[in-house]
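Take a look at the structure below.
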Amino acid sequence: MTARTRPKAQPSGPKTNSSKPETTTPSLPLREYFALLSYHSALLVASLLFLPRSTKGARLLQRSSADRPEHPFLTPLTADPLRTMAWHVVGLAVCMTWWAQHLRTWWAGSKTRDDSPPSRQKRRRALADRLIETAATTLFGTIVLVPVIVAFGAPLDSHFGHTVFLALHLSLLLVWPVIHALGIPSPGSAILDRFRLSRLFCQFRAETPLERALVYPAVGTLVGAWIGAAPLPLDWDRPWQSYPLTVTVSSLLGYIVGGYASWAHSALEA
């Protein structure tokens with residue numbers, strides 16, 4: 001008789017999966033994004049058109065082109081551009097802090113929220129650290145932008161305060177939302193996190209709706225600032241040509257248009 005050969009028993013241990021764990025990409029709620037973007041845009045426009053009117057004091061008069069009067073609505077804004085910029089950046093800082101926190105929440109994704117006191121304290125500490133990091137980076141961006149603006153033709157011997165406020169305005173639009181949402185990658189971060197900023201703002205490769213929500217407004221800000229500088233050297237002698245009002249308005253509009261462009265691109269792909 002021939003002995004039957006039993007089949008070899010398969011190992012009964014748990015199966016090991018050698019593939020890497022899947023990483024979930026944070027998603028952007030497009031309906032909520034559009035609603036908050038519209039509200040955010042209205043606040044930005046109000047910070048420029050209405051907040052500078054809060055100053056009480058002497059009556060503001062048109063400073064140039066008296067033979068061609070401007071609309072009375074514009075006179076409080078064009079009579080003293082430095083005061084207008086000072087009020088505007090205050091409102092802009094508040095608006096960008098609120099908006100950047102929403103971006104940070106969307107980037108964090110739908111993680112399980114622990115409402116225990118230690119977890120709440122940890123989140124508050126992390127938020128405070130991120131705000132300090134964002135403010136420091138924005139101030140550094142302002143310092144970097146001042147000589148850049150001067151190199152593009154801003155007066156060096158006069159209007160220095162105007163240039164500083166313009167640099168702060170641009171830094172709030174360009175730096176604040178990005179750093180508050182993503183943070184500054186540390187040397188110990190993953191390679192994806194370390195090179196994300198280079199991919200987004202050096203190669204301009206925005207691949208997800210959240211990345212577009214950061215890149216498109218920044219590109220719109222730069223394009224708008226470039227376009228807004230065009231009327232400055234023209235000899236029209238209009239009050240609204242006062243430096244740096246045209247650059248401020250145009251860059252702000254470019255930021256808003258970039259935000260809606262990011263929403264439209266993501267909505268078409270959805």
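Chain labels run A, B, ... following the order of the structure tokens; each chain numbers its residues from 1, and ligands are numbered from 1 in the order shown.
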Please return, as a ChimeraX atom specification, all residues of segment 11-260 of chain A that DSSP assigns to alpha helix (DSSP H) on the basis of the backbone.
/A:30-49,75-78,81-108,117-151,160-174,176-182,191-194,196-201,209-228,245-260
Taking 5 positions as the minimum chain separation for residues in the same chain, which residues sit within 9 Å of Leu182 of chain A when counting only C-alpha atoms? Answer as a ChimeraX atom specification.
/A:103-104,107,177,193,197
Filtering to C-alpha atoms, could you give me those residues as a PDB file, in the first residue's frame?
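What ended up in out-v7.pdb:
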ATOM      1  CA  LEU A 103      -7.976  76.651   5.794  1.00  0.00           C
ATOM      2  CA  ARG A 104      -6.079  75.028   8.648  1.00  0.00           C
ATOM      3  CA  TRP A 107      -6.203  70.752   5.949  1.00  0.00           C
ATOM      4  CA  PRO A 177      -2.763  81.843   4.943  1.00  0.00           C
ATOM      5  CA  ASP A 193       5.680  67.883   3.886  1.00  0.00           C
ATOM      6  CA  LEU A 197       5.870  74.326  -0.381  1.00  0.00           C
TER       7      LEU A 197
END
Closest of A:Gly259, A:Gly224, A:Pro81, A:Pro52 to His159 of chain A - atom-to-atom distances counting only C-alpha atoms
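Selected residue with least distance to His159 of chain A: A:Pro81.
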Taking 3 positions as the minimum chain separation for residues in the same chain, which residues sit within 12 Å of segment 36-45 of chain A when counting only C-alpha atoms? Answer as a PDB file with C-alpha atoms, in the first residue's frame.
ATOM      1  CA  PRO A  29     -16.089  71.146   1.038  1.00  0.00           C
ATOM      2  CA  LEU A  30     -16.782  73.216  -2.061  1.00  0.00           C
ATOM      3  CA  ARG A  31     -20.174  74.564  -0.965  1.00  0.00           C
ATOM      4  CA  GLU A  32     -18.837  75.719   2.378  1.00  0.00           C
ATOM      5  CA  TYR A  33     -15.716  77.060   0.690  1.00  0.00           C
ATOM      6  CA  LEU A  48     -10.268  98.830   2.323  1.00  0.00           C
ATOM      7  CA  LEU A  49     -13.285 100.964   1.442  1.00  0.00           C
ATOM      8  CA  PHE A  50     -14.984 101.568   4.791  1.00  0.00           C
ATOM      9  CA  LEU A  51     -12.569 100.945   7.658  1.00  0.00           C
ATOM     10  CA  PRO A  52     -10.286 103.917   6.756  1.00  0.00           C
ATOM     11  CA  HIS A  88      -6.616  98.677   5.958  1.00  0.00           C
ATOM     12  CA  VAL A  89      -3.829  96.392   7.200  1.00  0.00           C
ATOM     13  CA  VAL A  90      -5.487  96.224  10.630  1.00  0.00           C
ATOM     14  CA  GLY A  91      -8.722  94.959   9.109  1.00  0.00           C
ATOM     15  CA  LEU A  92      -6.821  92.764   6.671  1.00  0.00           C
ATOM     16  CA  ALA A  93      -4.920  91.055   9.494  1.00  0.00           C
ATOM     17  CA  VAL A  94      -8.178  90.185  11.261  1.00  0.00           C
ATOM     18  CA  CYS A  95      -9.781  88.877   8.052  1.00  0.00           C
ATOM     19  CA  MET A  96      -6.766  86.770   7.099  1.00  0.00           C
ATOM     20  CA  THR A  97      -6.503  85.271  10.588  1.00  0.00           C
ATOM     21  CA  TRP A  98     -10.133  84.174  10.426  1.00  0.00           C
ATOM     22  CA  TRP A  99      -9.792  82.808   6.893  1.00  0.00           C
ATOM     23  CA  ALA A 100      -6.500  81.025   7.531  1.00  0.00           C
ATOM     24  CA  GLN A 101      -8.002  79.210  10.506  1.00  0.00           C
ATOM     25  CA  HIS A 102     -10.685  77.765   8.220  1.00  0.00           C
ATOM     26  CA  LEU A 103      -7.976  76.651   5.794  1.00  0.00           C
ATOM     27  CA  HIS A 169      -0.419  94.123   2.875  1.00  0.00           C
ATOM     28  CA  LEU A 172      -0.633  89.165   4.752  1.00  0.00           C
ATOM     29  CA  LEU A 173      -2.146  87.989   1.475  1.00  0.00           C
ATOM     30  CA  ALA A 213      -7.126  77.321  -2.476  1.00  0.00           C
ATOM     31  CA  PRO A 217      -5.052  83.472  -4.571  1.00  0.00           C
ATOM     32  CA  THR A 248      -3.226  97.703  -3.002  1.00  0.00           C
ATOM     33  CA  VAL A 249      -6.629  97.628  -4.686  1.00  0.00           C
ATOM     34  CA  SER A 250      -5.464  95.597  -7.671  1.00  0.00           C
ATOM     35  CA  SER A 251      -3.610  93.000  -5.588  1.00  0.00           C
ATOM     36  CA  LEU A 252      -6.633  92.616  -3.304  1.00  0.00           C
ATOM     37  CA  LEU A 253      -8.913  92.090  -6.304  1.00  0.00           C
ATOM     38  CA  GLY A 254      -6.400  89.617  -7.738  1.00  0.00           C
ATOM     39  CA  TYR A 255      -6.480  87.673  -4.490  1.00  0.00           C
ATOM     40  CA  ILE A 256     -10.287  87.500  -4.590  1.00  0.00           C
ATOM     41  CA  VAL A 257     -10.339  86.477  -8.261  1.00  0.00           C
ATOM     42  CA  GLY A 258      -7.749  83.789  -7.528  1.00  0.00           C
ATOM     43  CA  GLY A 259      -9.935  82.410  -4.760  1.00  0.00           C
ATOM     44  CA  TYR A 260     -12.937  82.104  -7.046  1.00  0.00           C
ATOM     45  CA  ALA A 261     -10.743  80.617  -9.791  1.00  0.00           C
ATOM     46  CA  SER A 262      -9.619  77.891  -7.397  1.00  0.00           C
ATOM     47  CA  TRP A 263     -13.244  77.134  -6.532  1.00  0.00           C
TER      48      TRP A 263
END
Excluding same-chain residues fewer than 5 positions from Trp106 of chain A, what lies within 9 Å of it counting only C-alpha atoms, as an mmCIF file with N, CA and C atoms, in the first residue's frame?
data_model
loop_
_atom_site.group_PDB
_atom_site.id
_atom_site.type_symbol
_atom_site.label_atom_id
_atom_site.label_comp_id
_atom_site.auth_asym_id
_atom_site.auth_seq_id
_atom_site.Cartn_x
_atom_site.Cartn_y
_atom_site.Cartn_z
ATOM 1 N N PRO A 26 -6.849 65.289 2.709
ATOM 2 C CA PRO A 26 -7.922 66.159 3.198
ATOM 3 C C PRO A 26 -8.741 66.695 2.027
ATOM 4 N N SER A 27 -10.029 66.762 2.213
ATOM 5 C CA SER A 27 -10.923 67.229 1.158
ATOM 6 C C SER A 27 -11.420 68.628 1.491
ATOM 7 N N LEU A 28 -11.799 69.336 0.437
ATOM 8 C CA LEU A 28 -12.310 70.697 0.582
ATOM 9 C C LEU A 28 -13.804 70.695 0.306
ATOM 10 N N PRO A 29 -14.639 71.046 1.290
ATOM 11 C CA PRO A 29 -16.089 71.146 1.038
ATOM 12 C C PRO A 29 -16.387 72.363 0.172
ATOM 13 N N GLN A 101 -7.601 80.242 9.560
ATOM 14 C CA GLN A 101 -8.002 79.210 10.506
ATOM 15 C C GLN A 101 -8.953 78.206 9.850
ATOM 16 N N ALA A 181 -1.925 77.557 7.542
ATOM 17 C CA ALA A 181 -2.555 76.289 7.164
ATOM 18 C C ALA A 181 -1.573 75.128 7.177
ATOM 19 N N LEU A 210 -7.575 71.785 -2.068
ATOM 20 C CA LEU A 210 -6.993 72.551 -0.971
ATOM 21 C C LEU A 210 -5.709 73.245 -1.394
#
